[in-house]
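Asker: Mind having a look at this structure? Questions to follow.
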Amino acid sequence: MYYEPVIGLEVHAQLLTATKIFCSCPTAFGSESNIQTCPVCLGMPGVLPVVNKQALQFAMKTAIAANCRINPENQFARKNYFYPDLPKGYQISQFELPIAEHGYLEIDLEEGNRTKRIGITRIHMEEDAGKLVHELAGVSSDASYVDFNRTGVPLIEIVSEPDLRSPEEAGAYLRMLHTIVQYLEVCDGNMEQGSFRCDANVSLRPQGTEKLGTKVELKNMNSFRNVERALEYEIKRQQEMIEDGEKIIQETRLWDADKGVTFSMRGKEEAHDYRYFPDPDLVPLIIDEAWVQDVRKQLPELPRQKVLRFVKQYKIPEYDAKILTACRQLADYFEQCVKCYEQPKKISNWIMSDILRHLNDPRNITGFVVTPVHLAELIELIDKGTISGKIAKTVFDEMRATGSMPGAIVKEKGLLQVSDEGEIEKVIQDVLDANQNEVADYRSGKEKLFGFFVGQAMKATKGKANPKLVNDILRRKLES
Ligand SMILES: [Zn+2]
């Protein structure tokens with residue numbers, strides 16, 4: 001029997017505000033422990049939280065981009081549990097009245113080249129907890145330490161419907177969400193530092209049935225690849241258990257990336273275990289339609305819209321458009337290049353091959369030594385026949401190393417393309433004279449040797465000969 005995986009994702013995104021959600025402590029990552037704290041985020045008695053308006057607007061932006069309905073009245077709630085990294089003994093979150101509900105995102109799937117709509121149940125705001133440090137550099141001790149710098153950092157949790165049916169779909173949804181929060185500039189998307197993290201709920205059910213199976217929650221997956229691997233593993237594990245007649249236990253399991261397995265952490269708690277109740281220190285937030293419209297106006301063009309526009313406006317393939325819009329920075333770079341020199345497809349080719357090869361992360365295009373002005377001029381030099389495509393690669397490497405303009409490099413290094421017919425003719429005659437056996441072979445039918453002669457001629461001119469002229473003259477001479 002085939003079992004269908006049913007997957008839902010819960011994504012926590014850290015909002016890019018300068019200060020925390022209920023106090024004015026800074027949110028910067030990597031500071032000395034416990035210096036970004038105050039009585040509010042340390043949970044001292046008698047203090048009162050005040051909502052960070054920026055955090056609220058960032059949550060609204062995300063909600064609008066995810067096609068959610070923003071609740072006109074929403075409220076913070078206390079989620080009660082004990083853990084040493086939670087000084088108040090409760091986390092301020094949202095429960096019955098979250099900031100937004102009933103949204104969706106559209107994802108593109110390679111398999112079957114189709115689009116699928118994934119429902120978003122809700123988006124709510126909450127504060128982050130602190131961090132436990134079990135090993136302290138240079139200190140040997142049995143104790144653990146707490147760093148409260150992260151306590152009170154604003155998060156949004158984006159909960160999807162269980163609409164995902166494979167690790168591939170989960171990966172595509174997660175990547176889309178990741179791209180969107182960065183387009184919106186509400187989250188830096190850094191998965192290693194935990195500012196964008198994902199938990200997954202996964203269960204199996206016999207194909208064609210409606211009833212959901214017992215779900216298992218997966219945690220500790222800090223990259224797209226690990227989310228996909230953990231889901232693959234967990235689907236297989238559950239399938240084998242069902243086939244062996246065993247019962248799936250509702251629990252939380254941790255992914256071990258080194259071993260490639262999930263293992264049980266604890267039984268899964270239910271919402272009522274947390275005794276949620278409205279936080280009496282925080283009045284309900286009223287968001288009127290005018291405010292929603294105001295935030296909607298601030299939204300940038302989103303990835304899917306950009307893809308469609310690029311295809312239409314620049315007449316480039318959708319494949320190119322998707323790569324170029326992977327992040328806003330790269331899309332901006334492409335458009336600046338086109339502004340300098342209107343050859344979108346040629347520019348796209350250079351970006352997709354030569355430029356992206358040198359960037360670990362496409363976002364690093366900002367500050368890349370080869371600017372749009374450089375690239376545009378380089379492509380123009382090829383088009384005008386000043387340099388050959390082959391020499392352009394040399395010029396590109398030189399630009400990367402020195403930051404000089406391509407025109408200046410061509411002049412300085414003497415890389416001008418040779419388009420003088422007499423000169424090329426002489427070179428070709430020398431090549432033919434030096435390879436008389438090959439000439440005879442060619443004339444008796446070994447036409448593959450044509451490439452050999454081209455190669456020799458290019459070599460003799462150090463790649464500078466105009467390839468079209470080389471081809472034309474060679475053909476004329478060999479066929480005369
Ligand atoms: Zn504080």
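Ligands are numbered from 1 in the order shown, chains are lettered A, B, ... in the order of the structure tokens, and residues start at 1 in each chain.
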Around ligand 1, which protein and nucleic acid residues have at least one atom no more than 6 Å from it, if we count only C-alpha atoms and all ligand atoms? List them as a list of chain:residue names.

Answerer: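 I would give the residues around ligand 1 as A:Cys23, A:Ser24, A:Cys25, A:Thr37, A:Cys38, A:Val40, A:Cys41.
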
Asker: For range 239-243 of chain A, find every residue with an atom within 8 Å (counting only C-alpha atoms), except residues of its own chain fewer than 5 positions away, and show them as number ranges by chain.

Answerer: A: 3, 204, 248

Asker: Which polymer residues have any atom within 10 Å of an atom of Gln329 in chain A, counting only C-alpha atoms, with same-chain residues fewer than 2 positions away left out, as JSON, numbers by chain?

Answerer: {"A": [183, 324, 325, 326, 327, 331, 332, 333, 334, 362, 363, 364, 365, 366]}

Asker: Quick one: residues within 8 Å of Val153 in chain A, only C-alpha atoms counted, chain neighbours fewer than 4 positions away excluded, as a compact mmCIF listing (two decimals) with N, CA and C atoms, in the first residue's frame?

Answerer:
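Final output, saved to around-v4.txt:
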# COMPACT_ATOMS: atom_id res chain seq x y z
N GLN A 14 12.97 35.75 12.66
CA GLN A 14 13.33 36.85 13.56
C GLN A 14 13.20 38.16 12.81
N LEU A 15 12.45 39.09 13.37
CA LEU A 15 12.21 40.36 12.68
C LEU A 15 13.42 41.27 12.82
N THR A 19 15.49 47.05 17.90
CA THR A 19 15.29 46.79 19.33
C THR A 19 14.28 45.66 19.54
N LYS A 20 14.21 45.20 20.78
CA LYS A 20 13.37 44.05 21.12
C LYS A 20 11.88 44.38 21.03
N ILE A 21 11.04 43.36 21.20
CA ILE A 21 9.61 43.56 20.94
C ILE A 21 8.89 44.32 22.06
N THR A 27 18.99 44.26 19.46
CA THR A 27 18.80 42.86 19.07
C THR A 27 20.02 42.27 18.37
N GLU A 127 7.74 36.68 21.44
CA GLU A 127 9.10 37.04 21.82
C GLU A 127 9.94 35.78 21.85
N ASP A 128 11.22 35.93 21.56
CA ASP A 128 12.14 34.79 21.62
C ASP A 128 12.53 34.56 23.08
N ALA A 129 13.00 33.35 23.36
CA ALA A 129 13.53 33.04 24.70
C ALA A 129 15.04 33.27 24.69

Asker: Determine the nearest neighbour of Leu56 in chain A from the options A:Val373, A:Ala230, A:Met191, A:Ile287, counting only C-alpha atoms.

Answerer: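 Selected residue with least distance to Leu56 in chain A: A:Ile287.
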
Asker: Mind listing the strand (DSSP E) residues of range 10-54 of chain A, per DSSP on the backbone, as a list of chain:residue names?

Answerer: A:Glu10, A:Val11, A:His12, A:Ala13, A:Gln14

Asker: Counting only C-alpha atoms, what is within 6 Å of Leu105 in chain A, bar same-chain residues fewer than 3 positions away, as a list in words?

Answerer: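 Using only C-alpha atoms, the neighbours found are Ala66, Arg117 and Ile118 of chain A.
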
Asker: Quick one: write out the picked residues with C-alpha atoms as a CSV table (one decimal), in the first residue's frame?

Answerer:
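Okay, out38.csv is ready:
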chain,number,residue,atom,x,y,z
A,66,ALA,CA,1.3,35.8,2.3
A,117,ARG,CA,-1.1,26.7,-3.5
A,118,ILE,CA,-0.1,26.1,0.1

Asker: Measuring atom to atom with only C-alpha atoms, identify which of A:Lys390, A:Lys219, A:Arg253, A:Lys448 is nearest to Pro467 in chain A.

Answerer: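 Between A:Lys390, A:Lys219, A:Arg253, A:Lys448, the residue approaching Pro467 in chain A most closely is A:Lys390.
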